[in-house]
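**Student:** Mind having a look at this structure? Questions to follow.
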Amino acid sequence: MLLTCTQHVMIKVSSNSLSVGKFAHLVVLPTGVESAAERLVNSSQREGGRDEEIVVQFQDVAVGKTAEKKFKIKNTSAVKTEIQLVRQNSSVTPEVFTFVLNNKNLQPDDLVTLSVKFTPMIINEVCIEYFHLHDRSGGSKTTIKCVGTCKGLCVSFASDTIQFGQLSCGKTSTKSLEIINSSDCEAHYQFALDSSESVFKIDQRCGTLQPRSSKKLICSFQATQPINYYKKLACVIHNQEPLFVTLLGTCHSDAVKPAILEARHVDWYNSLTYRGLSGYSPEQIDAMEKEGNVCLDGDGIPTRQEDHQHTAMEEYFHDGYYSHLAFAVPHVSMNVRDIDFGRRIQLDSIMQKSITLTNHTKDKITCVWMGDTSHVFHVTPNSCDIPPLKSTSFRVTFKPTAPDQFYGAELECYAFYKCLTEYWQLEREYISPPWCLPLGTTGHTFSQQSETFLPKLELSSQKLQFPAVSLGESSFTSLLLRNTGATPIQYDFSNDNSGVFLMKPYRGIVEEGQQQVFLLHMSPTKAGRCEKVLQLRLNDDDRNTQKVVLVGYAEEAAVKLDNDGFLFFRPTCLNTFSTQQYGVRNTCRVPLRFEWMMSSDDAKLLTVSPQSGTIAPNEHQMHKWSFKPKEESRTLMKPVLVVTTTRGRLLSKSYLVPAEGKGTLGSLRAAESSVDCHNILAGCMETKNIDVFNDSDCDLHYELHVDSDKVLLQKCRKILRARTIQTIEATVQPTTCGTFTVAISYQLLSSADDTAVYIGEKRHLCYVVVSAVFPTLVATDVSCHGSASGRNKMQLWNLLNLSRFNSLMMKPLPLSSTSQKTTESMMASRPQVDMSFGAAPVGSEDCIINLTIANTGTISTNWSFVFPSDVQLEVPYWTSSYEGEQISTPDDSLFSVQPKQGHLEAGCSETLTLKYSHKIAGTSRLPVLFTVRQGQQLMLNFVGVSVKQNFPYIHFAQTSHTFSPVPIGEMVYAIHSYELFNGGGVPLKFWLDVRGLKQLCEDNFDCNIFECLTPSGHIPSGSTVSIEWLFTPFEAKTYSVTIQFYISFNFCYENN
């Protein structure tokens, strides 16, 4: 195209842009692995199309330590994406897992490192958190389940008992005590012992153990009072329950030598305590044994022992003073355990406070205080006897020696039965160990004008989180205080008046460079959050006050169920399993024990795995349910989930989970209720496709059954999914001719393998209607001319026996008979039909019969008449039974059929001309084979009679005639008839011999049974006459009589 400067043209440009939309797909891999086939071993694909879940399992991690695991995230798609990591909201567990992601934007096939860190806060707790990893487009989603356990310390003693044996007053005995730290982190320990005041001393009363190490401590025993000494010494460990070591020793003087205290005596005393007998002195026990009030074994131990086990933490706290709980009634009690003298300004003055000791036993005891008046803190009197169930007061004196100092001590008092000083008077060596009563004392000498030391300390934490507990259960934790300064620190914690939180010790002094381990106890009284702020007052100065926050939770059993607490199963075939995953989430902070319970009827239908177990806090646990219906109905089952706390009061809570399932046999249906297989030739095979639908909501295993061998099915056992269609091949193979119906049924199976069992009865699927056709020709009309012109249609129909002809033509043909070969033996085996052309004088007109045949089948066919001469067979001669009848040789020329063969379409007809010529006197018989291609073959016996001129001939249709049945008691009876035909050339006169009727009447009480209304008459040549009869029965039976017929020329015939 050429454009001038003033012309313009518009050009339209179109383009087709093709693009492919894709979702990003993220794959989580272990570090350094880029193949998606090498996924995490603990990754799994949830059922029911749920998100993929990967479990990150941390092994035991020490409190305060951090463990780390790394993974790779790969973008396996062809598009870039942005990674998003979302924490599942949970108020149950603290956030102890953190993720670090280097790069959130990923290009196709890029890798990024994902780091997860676990920092536990509470010992002996299982922490579970869930995170959702997905891309910004939402194409892929992975759930990361983080599981970690916080382990505590593992510190122990090599031996829990030290026996110093016997030594003299003022002497010293030493033993070693090995303390072992088997954990991976350092351990801080402290013995609850004041070595300056106690008879037992440890060189390193507090200290630190390195991981995987041990330390030998030197323990010494030095006493000045000749008595037995027994102390169950507590060793408090930070982040672990306390340990106890038993210290035993005996001191002798020149005048007093008590029995040597051994460990077996402590065991004997413990057994008495469990029996409630320790309140009796050994002397009283000895007397009770003699009186038979107590039964002891050979070693003097009560025969019934019940060792009540308590945790070390409970034993440490529940002493009846720091806690209102006590495992046994105290034998000797002290009204106070701590005395704070406060500020003392004047050193030369004496400050005293009184305490009271009470004897709760049934015998007198002796109380002996350790130390003397030279100590800063001492008690007077030094010893005293207390009668049973009585109290005595003592004075505690504070006598400092220097100003501006902090003082503190733990005094000890040993109480024992007074009778033990004369133990040799007992028949058995009953020795009860003494009771050690500690008394904490504090005070200082700072004046009001002077300032106390500035405390320098470190606390392990100023917010303590107690492990969550259930109601009725106690929880414990610990606090570590380090004195980092060069001066001692006096501490004083405020009390919790509610009694929920307890601390031991709550008052005391920490020397410079030393440490103090505190144990704290929580015992909630109601469910929910417990919080308390403790005031830590240091050095008796309000300005040096710090706060320590205590937080704990008391939990009740509670879970959250999937699907709002409902469980649904898809419709399930009877006696087969349908599985469903159902999630249970622990929404409380304590582990729960669960158990699924159900009625006996529901247990026959439902199974669950696991049926019982434990769910950790915040854990979402999947339970696999199986539903096996027994009957065809919708069933509402009511399993109950019972969750119980694992400790404490074992409070339980029940959740009803309605489970609905439908048991059904399902149903199969064919696309067509009746599969028609028309116009199939017998002996041939044809394949039909049958579409089978499963309209039910359940998968069906089934087996097909056929009630006939005419239809064959391949692979009878199949499986058909819910709401699907399946095509079945059916091979139709009819072996006989005719129309028949084959029923195809199915029976459901429990599975498709060989071990399957049948479910229910057979069910109908469809019918296969097979029309095994063969060509069928029947006679529909007949007429005559010539010598037979005097016959009506009914007579002709009977003469030619067309009813039999038609019935045989309609009868199914055996498969072996469809051969078109014609032999003498085969002709003899064909069904035969006698066709009579009647009788007429010789030389009469030919008997011409017009026979109409019709093709009533559904296929076209060829037909033919086969004469003996056509197959060159010899035909035997037949002779007439009439006397004087001339015998003639049958000849094809006497009988003729026009046309002899032809073709008929379905539904068409054709008229045949059958002719018989009266040329030869006598009875002529000619067998003619009538064949239909692929159809029936009949042997037609043509019979014709030619009578001599002027010779009589009566044609009887049959020599035995049966009247139609007649009801008894009719008012008017029908008239029956019997026909006679005169086939001769002259008229005839006939009459009947009725004498047999008279005899029948006499035999039946003179009642006329048969009455002939036409006993005689004339029959013109070529004519028919009807003989009328009246049949009047009076009994329900068959009557028979023989009647003779007479005609002129004296021929006689009999008819019954």
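All residue names refer to the structure tokens as shown: chains lettered A, B, ... in order, residues numbered from 1 in each chain, ligands numbered from 1 in order.
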Set the distance at 12 Å and use only C-alpha atoms: which residues neighbour Pro438 of chain A once local chain neighbours fewer than 6 positions away are removed? I'd like the list as a PDB file with all heavy atoms, in the first residue's frame.
**Tutor:**
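Saved the output as around-v6.pdb:
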```pdb
ATOM      1  N   ALA A 192      21.351 -27.843 105.508  1.00  0.00           N
ATOM      2  CA  ALA A 192      20.627 -27.088 106.547  1.00  0.00           C
ATOM      3  C   ALA A 192      21.250 -27.379 107.907  1.00  0.00           C
ATOM      4  O   ALA A 192      20.682 -28.070 108.761  1.00  0.00           O
ATOM      5  CB  ALA A 192      19.145 -27.473 106.513  1.00  0.00           C
ATOM      6  N   LEU A 193      22.454 -26.808 108.101  1.00  0.00           N
ATOM      7  CA  LEU A 193      23.236 -27.146 109.291  1.00  0.00           C
ATOM      8  C   LEU A 193      24.091 -25.933 109.677  1.00  0.00           C
ATOM      9  O   LEU A 193      24.684 -25.264 108.828  1.00  0.00           O
ATOM     10  CB  LEU A 193      24.141 -28.356 109.007  1.00  0.00           C
ATOM     11  CG  LEU A 193      25.035 -28.836 110.142  1.00  0.00           C
ATOM     12  CD1 LEU A 193      24.185 -29.480 111.242  1.00  0.00           C
ATOM     13  CD2 LEU A 193      26.062 -29.835 109.615  1.00  0.00           C
ATOM     14  N   ASP A 194      24.098 -25.667 110.972  1.00  0.00           N
ATOM     15  CA  ASP A 194      25.000 -24.635 111.521  1.00  0.00           C
ATOM     16  C   ASP A 194      26.141 -25.368 112.223  1.00  0.00           C
ATOM     17  O   ASP A 194      25.985 -25.885 113.343  1.00  0.00           O
ATOM     18  CB  ASP A 194      24.239 -23.728 112.484  1.00  0.00           C
ATOM     19  CG  ASP A 194      25.087 -22.544 112.950  1.00  0.00           C
ATOM     20  OD1 ASP A 194      26.304 -22.519 112.656  1.00  0.00           O
ATOM     21  OD2 ASP A 194      24.521 -21.651 113.596  1.00  0.00           O
ATOM     22  N   GLU A 197      27.147 -24.611 115.908  1.00  0.00           N
ATOM     23  CA  GLU A 197      26.260 -24.921 117.016  1.00  0.00           C
ATOM     24  C   GLU A 197      25.930 -26.399 117.115  1.00  0.00           C
ATOM     25  O   GLU A 197      25.536 -26.876 118.175  1.00  0.00           O
ATOM     26  CB  GLU A 197      24.960 -24.126 116.893  1.00  0.00           C
ATOM     27  CG  GLU A 197      25.128 -22.620 116.944  1.00  0.00           C
ATOM     28  CD  GLU A 197      25.562 -22.133 118.321  1.00  0.00           C
ATOM     29  OE1 GLU A 197      25.387 -22.877 119.305  1.00  0.00           O
ATOM     30  OE2 GLU A 197      26.098 -21.015 118.419  1.00  0.00           O
ATOM     31  N   SER A 198      26.058 -27.129 116.028  1.00  0.00           N
ATOM     32  CA  SER A 198      25.646 -28.539 116.008  1.00  0.00           C
ATOM     33  C   SER A 198      26.806 -29.443 116.394  1.00  0.00           C
ATOM     34  O   SER A 198      27.981 -29.079 116.224  1.00  0.00           O
ATOM     35  CB  SER A 198      25.142 -28.906 114.615  1.00  0.00           C
ATOM     36  OG  SER A 198      24.811 -30.263 114.537  1.00  0.00           O
ATOM     37  N   LYS A 231      20.277 -37.148 113.667  1.00  0.00           N
ATOM     38  CA  LYS A 231      19.809 -36.003 112.889  1.00  0.00           C
ATOM     39  C   LYS A 231      19.634 -36.435 111.432  1.00  0.00           C
ATOM     40  O   LYS A 231      20.562 -36.990 110.828  1.00  0.00           O
ATOM     41  CB  LYS A 231      20.796 -34.848 112.968  1.00  0.00           C
ATOM     42  CG  LYS A 231      20.308 -33.565 112.277  1.00  0.00           C
ATOM     43  CD  LYS A 231      21.323 -32.456 112.457  1.00  0.00           C
ATOM     44  CE  LYS A 231      20.846 -31.147 111.827  1.00  0.00           C
ATOM     45  NZ  LYS A 231      19.687 -30.587 112.529  1.00  0.00           N
ATOM     46  N   LYS A 232      18.424 -36.162 110.919  1.00  0.00           N
ATOM     47  CA  LYS A 232      18.175 -36.398 109.495  1.00  0.00           C
ATOM     48  C   LYS A 232      18.406 -35.078 108.796  1.00  0.00           C
ATOM     49  O   LYS A 232      17.549 -34.199 108.756  1.00  0.00           O
ATOM     50  CB  LYS A 232      16.748 -36.907 109.270  1.00  0.00           C
ATOM     51  CG  LYS A 232      16.536 -37.459 107.865  1.00  0.00           C
ATOM     52  CD  LYS A 232      15.206 -38.191 107.738  1.00  0.00           C
ATOM     53  CE  LYS A 232      15.088 -38.849 106.393  1.00  0.00           C
ATOM     54  NZ  LYS A 232      13.810 -39.581 106.239  1.00  0.00           N
ATOM     55  N   LEU A 233      19.616 -34.958 108.244  1.00  0.00           N
ATOM     56  CA  LEU A 233      20.094 -33.689 107.725  1.00  0.00           C
ATOM     57  C   LEU A 233      19.630 -33.510 106.283  1.00  0.00           C
ATOM     58  O   LEU A 233      19.811 -34.406 105.434  1.00  0.00           O
ATOM     59  CB  LEU A 233      21.619 -33.640 107.805  1.00  0.00           C
ATOM     60  CG  LEU A 233      22.295 -32.374 107.282  1.00  0.00           C
ATOM     61  CD1 LEU A 233      21.831 -31.140 108.065  1.00  0.00           C
ATOM     62  CD2 LEU A 233      23.801 -32.519 107.337  1.00  0.00           C
ATOM     63  N   ASP A 319       6.383 -30.345 108.209  1.00  0.00           N
ATOM     64  CA  ASP A 319       6.907 -30.680 109.532  1.00  0.00           C
ATOM     65  C   ASP A 319       5.977 -30.239 110.644  1.00  0.00           C
ATOM     66  O   ASP A 319       6.309 -30.322 111.819  1.00  0.00           O
ATOM     67  CB  ASP A 319       8.285 -30.051 109.719  1.00  0.00           C
ATOM     68  CG  ASP A 319       8.262 -28.542 109.497  1.00  0.00           C
ATOM     69  OD1 ASP A 319       7.169 -27.999 109.233  1.00  0.00           O
ATOM     70  OD2 ASP A 319       9.332 -27.914 109.572  1.00  0.00           O
ATOM     71  N   TYR A 321       5.191 -27.234 111.282  1.00  0.00           N
ATOM     72  CA  TYR A 321       5.452 -25.850 111.683  1.00  0.00           C
ATOM     73  C   TYR A 321       5.447 -24.936 110.459  1.00  0.00           C
ATOM     74  O   TYR A 321       4.660 -24.006 110.364  1.00  0.00           O
ATOM     75  CB  TYR A 321       6.786 -25.739 112.425  1.00  0.00           C
ATOM     76  CG  TYR A 321       7.117 -24.312 112.825  1.00  0.00           C
ATOM     77  CD1 TYR A 321       6.508 -23.744 113.944  1.00  0.00           C
ATOM     78  CD2 TYR A 321       8.016 -23.543 112.083  1.00  0.00           C
ATOM     79  CE1 TYR A 321       6.797 -22.430 114.297  1.00  0.00           C
ATOM     80  CE2 TYR A 321       8.300 -22.244 112.433  1.00  0.00           C
ATOM     81  CZ  TYR A 321       7.690 -21.688 113.540  1.00  0.00           C
ATOM     82  OH  TYR A 321       7.967 -20.385 113.892  1.00  0.00           O
ATOM     83  N   VAL A 332       7.650 -34.107 120.106  1.00  0.00           N
ATOM     84  CA  VAL A 332       8.019 -32.917 120.884  1.00  0.00           C
ATOM     85  C   VAL A 332       7.886 -31.727 119.941  1.00  0.00           C
ATOM     86  O   VAL A 332       8.413 -31.776 118.816  1.00  0.00           O
ATOM     87  CB  VAL A 332       9.447 -33.004 121.440  1.00  0.00           C
ATOM     88  CG1 VAL A 332       9.757 -31.776 122.289  1.00  0.00           C
ATOM     89  CG2 VAL A 332       9.645 -34.276 122.245  1.00  0.00           C
ATOM     90  N   SER A 333       7.197 -30.720 120.362  1.00  0.00           N
ATOM     91  CA  SER A 333       6.992 -29.549 119.511  1.00  0.00           C
ATOM     92  C   SER A 333       7.552 -28.310 120.192  1.00  0.00           C
ATOM     93  O   SER A 333       7.672 -28.246 121.423  1.00  0.00           O
ATOM     94  CB  SER A 333       5.514 -29.364 119.199  1.00  0.00           C
ATOM     95  OG  SER A 333       4.780 -29.065 120.377  1.00  0.00           O
ATOM     96  N   MET A 334       7.876 -27.308 119.363  1.00  0.00           N
ATOM     97  CA  MET A 334       8.395 -26.034 119.825  1.00  0.00           C
ATOM     98  C   MET A 334       7.458 -24.945 119.314  1.00  0.00           C
ATOM     99  O   MET A 334       7.053 -24.985 118.140  1.00  0.00           O
ATOM    100  CB  MET A 334       9.818 -25.840 119.298  1.00  0.00           C
ATOM    101  CG  MET A 334      10.564 -24.667 119.909  1.00  0.00           C
ATOM    102  SD  MET A 334      12.209 -24.478 119.172  1.00  0.00           S
ATOM    103  CE  MET A 334      12.923 -26.078 119.539  1.00  0.00           C
ATOM    104  N   ASN A 335       7.088 -24.031 120.143  1.00  0.00           N
ATOM    105  CA  ASN A 335       6.087 -23.048 119.730  1.00  0.00           C
ATOM    106  C   ASN A 335       6.604 -22.100 118.659  1.00  0.00           C
ATOM    107  O   ASN A 335       5.842 -21.526 117.890  1.00  0.00           O
ATOM    108  CB  ASN A 335       5.581 -22.255 120.938  1.00  0.00           C
ATOM    109  CG  ASN A 335       6.692 -21.441 121.584  1.00  0.00           C
ATOM    110  OD1 ASN A 335       7.856 -21.811 121.505  1.00  0.00           O
ATOM    111  ND2 ASN A 335       6.338 -20.328 122.235  1.00  0.00           N
ATOM    112  N   VAL A 336       7.914 -21.910 118.590  1.00  0.00           N
ATOM    113  CA  VAL A 336       8.523 -21.094 117.534  1.00  0.00           C
ATOM    114  C   VAL A 336       9.731 -21.841 116.998  1.00  0.00           C
ATOM    115  O   VAL A 336      10.361 -22.644 117.708  1.00  0.00           O
ATOM    116  CB  VAL A 336       8.924 -19.694 118.040  1.00  0.00           C
ATOM    117  CG1 VAL A 336       7.717 -18.869 118.414  1.00  0.00           C
ATOM    118  CG2 VAL A 336       9.911 -19.809 119.195  1.00  0.00           C
ATOM    119  N   ARG A 337      10.087 -21.551 115.732  1.00  0.00           N
ATOM    120  CA  ARG A 337      11.281 -22.142 115.138  1.00  0.00           C
ATOM    121  C   ARG A 337      12.320 -21.081 114.785  1.00  0.00           C
ATOM    122  O   ARG A 337      13.458 -21.422 114.495  1.00  0.00           O
ATOM    123  CB  ARG A 337      10.888 -22.915 113.857  1.00  0.00           C
ATOM    124  CG  ARG A 337      10.156 -24.218 114.115  1.00  0.00           C
ATOM    125  CD  ARG A 337      11.073 -25.242 114.778  1.00  0.00           C
ATOM    126  NE  ARG A 337      10.416 -26.505 114.981  1.00  0.00           N
ATOM    127  CZ  ARG A 337      10.453 -27.514 114.115  1.00  0.00           C
ATOM    128  NH1 ARG A 337      11.114 -27.377 112.981  1.00  0.00           N
ATOM    129  NH2 ARG A 337       9.835 -28.630 114.381  1.00  0.00           N
ATOM    130  N   ASP A 338      11.881 -19.818 114.788  1.00  0.00           N
ATOM    131  CA  ASP A 338      12.799 -18.729 114.480  1.00  0.00           C
ATOM    132  C   ASP A 338      12.548 -17.591 115.465  1.00  0.00           C
ATOM    133  O   ASP A 338      11.403 -17.228 115.726  1.00  0.00           O
ATOM    134  CB  ASP A 338      12.597 -18.231 113.040  1.00  0.00           C
ATOM    135  CG  ASP A 338      13.144 -19.191 112.029  1.00  0.00           C
ATOM    136  OD1 ASP A 338      14.359 -19.133 111.767  1.00  0.00           O
ATOM    137  OD2 ASP A 338      12.339 -19.999 111.468  1.00  0.00           O
ATOM    138  N   ILE A 339      13.647 -17.052 115.955  1.00  0.00           N
ATOM    139  CA  ILE A 339      13.561 -15.901 116.862  1.00  0.00           C
ATOM    140  C   ILE A 339      14.445 -14.801 116.293  1.00  0.00           C
ATOM    141  O   ILE A 339      15.650 -15.012 116.046  1.00  0.00           O
ATOM    142  CB  ILE A 339      14.017 -16.263 118.294  1.00  0.00           C
ATOM    143  CG1 ILE A 339      13.073 -17.310 118.896  1.00  0.00           C
ATOM    144  CG2 ILE A 339      14.061 -15.017 119.159  1.00  0.00           C
ATOM    145  CD1 ILE A 339      13.486 -17.741 120.299  1.00  0.00           C
ATOM    146  N   LEU A 357       8.530 -25.805 124.944  1.00  0.00           N
ATOM    147  CA  LEU A 357       8.585 -27.158 124.380  1.00  0.00           C
ATOM    148  C   LEU A 357       7.482 -27.987 125.027  1.00  0.00           C
ATOM    149  O   LEU A 357       7.270 -27.917 126.236  1.00  0.00           O
ATOM    150  CB  LEU A 357       9.937 -27.816 124.628  1.00  0.00           C
ATOM    151  CG  LEU A 357      11.025 -27.589 123.555  1.00  0.00           C
ATOM    152  CD1 LEU A 357      11.396 -26.118 123.469  1.00  0.00           C
ATOM    153  CD2 LEU A 357      12.255 -28.468 123.834  1.00  0.00           C
ATOM    154  N   VAL A 368      17.938 -31.675 126.040  1.00  0.00           N
ATOM    155  CA  VAL A 368      19.305 -31.204 126.242  1.00  0.00           C
ATOM    156  C   VAL A 368      19.637 -30.260 125.104  1.00  0.00           C
ATOM    157  O   VAL A 368      19.540 -30.632 123.925  1.00  0.00           O
ATOM    158  CB  VAL A 368      20.309 -32.372 126.298  1.00  0.00           C
ATOM    159  CG1 VAL A 368      21.724 -31.835 126.476  1.00  0.00           C
ATOM    160  CG2 VAL A 368      19.960 -33.333 127.418  1.00  0.00           C
ATOM    161  N   TRP A 369      20.054 -29.005 125.440  1.00  0.00           N
ATOM    162  CA  TRP A 369      20.438 -28.013 124.442  1.00  0.00           C
ATOM    163  C   TRP A 369      21.950 -28.057 124.240  1.00  0.00           C
ATOM    164  O   TRP A 369      22.724 -28.195 125.175  1.00  0.00           O
ATOM    165  CB  TRP A 369      20.047 -26.608 124.903  1.00  0.00           C
ATOM    166  CG  TRP A 369      18.554 -26.388 124.820  1.00  0.00           C
ATOM    167  CD1 TRP A 369      17.662 -26.599 125.802  1.00  0.00           C
ATOM    168  CD2 TRP A 369      17.850 -25.895 123.696  1.00  0.00           C
ATOM    169  NE1 TRP A 369      16.388 -26.288 125.381  1.00  0.00           N
ATOM    170  CE2 TRP A 369      16.477 -25.834 124.071  1.00  0.00           C
ATOM    171  CE3 TRP A 369      18.194 -25.476 122.411  1.00  0.00           C
ATOM    172  CZ2 TRP A 369      15.488 -25.413 123.220  1.00  0.00           C
ATOM    173  CZ3 TRP A 369      17.198 -25.039 121.560  1.00  0.00           C
ATOM    174  CH2 TRP A 369      15.863 -25.018 121.941  1.00  0.00           C
ATOM    175  N   MET A 370      22.324 -27.949 122.959  1.00  0.00           N
ATOM    176  CA  MET A 370      23.743 -27.923 122.636  1.00  0.00           C
ATOM    177  C   MET A 370      24.273 -26.502 122.857  1.00  0.00           C
ATOM    178  O   MET A 370      23.530 -25.513 122.800  1.00  0.00           O
ATOM    179  CB  MET A 370      23.967 -28.353 121.177  1.00  0.00           C
ATOM    180  CG  MET A 370      23.456 -29.741 120.840  1.00  0.00           C
ATOM    181  SD  MET A 370      24.296 -31.052 121.774  1.00  0.00           S
ATOM    182  CE  MET A 370      23.082 -31.449 123.026  1.00  0.00           C
ATOM    183  N   ALA A 409      22.380 -17.831 114.193  1.00  0.00           N
ATOM    184  CA  ALA A 409      22.784 -19.192 114.554  1.00  0.00           C
ATOM    185  C   ALA A 409      21.556 -20.080 114.531  1.00  0.00           C
ATOM    186  O   ALA A 409      20.413 -19.625 114.645  1.00  0.00           O
ATOM    187  CB  ALA A 409      23.445 -19.213 115.922  1.00  0.00           C
ATOM    188  N   GLU A 410      21.829 -21.382 114.379  1.00  0.00           N
ATOM    189  CA  GLU A 410      20.762 -22.378 114.473  1.00  0.00           C
ATOM    190  C   GLU A 410      21.096 -23.301 115.636  1.00  0.00           C
ATOM    191  O   GLU A 410      22.032 -24.104 115.562  1.00  0.00           O
ATOM    192  CB  GLU A 410      20.626 -23.175 113.179  1.00  0.00           C
ATOM    193  CG  GLU A 410      19.442 -24.143 113.201  1.00  0.00           C
ATOM    194  CD  GLU A 410      19.297 -24.927 111.921  1.00  0.00           C
ATOM    195  OE1 GLU A 410      20.118 -25.850 111.698  1.00  0.00           O
ATOM    196  OE2 GLU A 410      18.371 -24.608 111.139  1.00  0.00           O
ATOM    197  N   LEU A 411      20.353 -23.120 116.735  1.00  0.00           N
ATOM    198  CA  LEU A 411      20.577 -23.914 117.940  1.00  0.00           C
ATOM    199  C   LEU A 411      19.888 -25.256 117.795  1.00  0.00           C
ATOM    200  O   LEU A 411      18.907 -25.409 117.064  1.00  0.00           O
ATOM    201  CB  LEU A 411      20.050 -23.163 119.152  1.00  0.00           C
ATOM    202  CG  LEU A 411      20.559 -21.712 119.333  1.00  0.00           C
ATOM    203  CD1 LEU A 411      19.961 -21.106 120.580  1.00  0.00           C
ATOM    204  CD2 LEU A 411      22.078 -21.675 119.368  1.00  0.00           C
ATOM    205  N   GLU A 412      20.383 -26.247 118.527  1.00  0.00           N
ATOM    206  CA  GLU A 412      19.834 -27.592 118.469  1.00  0.00           C
ATOM    207  C   GLU A 412      19.488 -28.075 119.861  1.00  0.00           C
ATOM    208  O   GLU A 412      20.274 -27.881 120.812  1.00  0.00           O
ATOM    209  CB  GLU A 412      20.809 -28.561 117.815  1.00  0.00           C
ATOM    210  CG  GLU A 412      20.995 -28.343 116.320  1.00  0.00           C
ATOM    211  CD  GLU A 412      21.935 -29.372 115.714  1.00  0.00           C
ATOM    212  OE1 GLU A 412      22.546 -30.131 116.494  1.00  0.00           O
ATOM    213  OE2 GLU A 412      22.051 -29.418 114.486  1.00  0.00           O
ATOM    214  N   CYS A 413      18.343 -28.720 119.951  1.00  0.00           N
ATOM    215  CA  CYS A 413      17.903 -29.367 121.186  1.00  0.00           C
ATOM    216  C   CYS A 413      17.609 -30.814 120.883  1.00  0.00           C
ATOM    217  O   CYS A 413      16.893 -31.118 119.916  1.00  0.00           O
ATOM    218  CB  CYS A 413      16.681 -28.664 121.746  1.00  0.00           C
ATOM    219  SG  CYS A 413      15.972 -29.491 123.206  1.00  0.00           S
ATOM    220  N   TYR A 414      18.158 -31.720 121.692  1.00  0.00           N
ATOM    221  CA  TYR A 414      17.900 -33.153 121.514  1.00  0.00           C
ATOM    222  C   TYR A 414      17.003 -33.613 122.649  1.00  0.00           C
ATOM    223  O   TYR A 414      17.327 -33.405 123.831  1.00  0.00           O
ATOM    224  CB  TYR A 414      19.200 -33.949 121.504  1.00  0.00           C
ATOM    225  CG  TYR A 414      19.964 -33.796 120.209  1.00  0.00           C
ATOM    226  CD1 TYR A 414      20.881 -32.766 120.044  1.00  0.00           C
ATOM    227  CD2 TYR A 414      19.748 -34.675 119.153  1.00  0.00           C
ATOM    228  CE1 TYR A 414      21.577 -32.614 118.865  1.00  0.00           C
ATOM    229  CE2 TYR A 414      20.440 -34.520 117.960  1.00  0.00           C
ATOM    230  CZ  TYR A 414      21.337 -33.498 117.808  1.00  0.00           C
ATOM    231  OH  TYR A 414      22.017 -33.358 116.634  1.00  0.00           O
ATOM    232  N   ALA A 415      15.872 -34.231 122.291  1.00  0.00           N
ATOM    233  CA  ALA A 415      14.922 -34.751 123.286  1.00  0.00           C
ATOM    234  C   ALA A 415      14.851 -36.264 123.131  1.00  0.00           C
ATOM    235  O   ALA A 415      14.825 -36.783 122.008  1.00  0.00           O
ATOM    236  CB  ALA A 415      13.553 -34.112 123.087  1.00  0.00           C
TER     237      ALA A 415
END
```
**Student:** Near Lys216 of chain A, counting only C-alpha atoms, which residues have an atom at most 9 Å away, once you skip same-chain residues fewer than 4 positions from it, shown as a list in words?
**Tutor:** Ser176, Leu177, Glu178, Ile179 and Ile180 of chain A
**Student:** Write the residues you've just listed into a file as a CSV table (one decimal), in the first residue's frame, and include N, CA, C and O atoms for each of them.
**Tutor:**
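selection05.csv, written as the output of this step:
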```csv
chain,number,residue,atom,x,y,z
A,176,SER,N,33.7,-39.4,105.8
A,176,SER,CA,33.6,-38.7,104.5
A,176,SER,C,32.2,-39.0,103.9
A,176,SER,O,31.6,-40.1,104.1
A,177,LEU,N,31.7,-38.0,103.2
A,177,LEU,CA,30.4,-38.1,102.5
A,177,LEU,C,30.6,-37.6,101.1
A,177,LEU,O,31.0,-36.5,100.8
A,178,GLU,N,30.4,-38.5,100.1
A,178,GLU,CA,30.6,-38.2,98.7
A,178,GLU,C,29.2,-37.7,98.1
A,178,GLU,O,28.2,-38.4,98.2
A,179,ILE,N,29.3,-36.6,97.5
A,179,ILE,CA,28.1,-36.0,96.8
A,179,ILE,C,28.4,-36.1,95.3
A,179,ILE,O,29.5,-35.6,94.9
A,180,ILE,N,27.5,-36.6,94.5
A,180,ILE,CA,27.8,-36.8,93.1
A,180,ILE,C,26.8,-36.0,92.2
A,180,ILE,O,25.5,-36.1,92.5
```
**Student:** Between A:Thr1032, A:Thr572, A:Thr614, A:Gln284, which one has atoms that come closest to Asp363 of chain A, using only C-alpha atoms?
**Tutor:** A:Gln284
**Student:** Please identify all polymer residues within 6 Å of Thr776 of chain A, counting only C-alpha atoms, omitting same-chain residues fewer than 2 positions from it, and present them as a list in words.
**Tutor:**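 So, after excluding close chain neighbours, the residues are Met809, Asn855, Thr856 and Gly857 of chain A.
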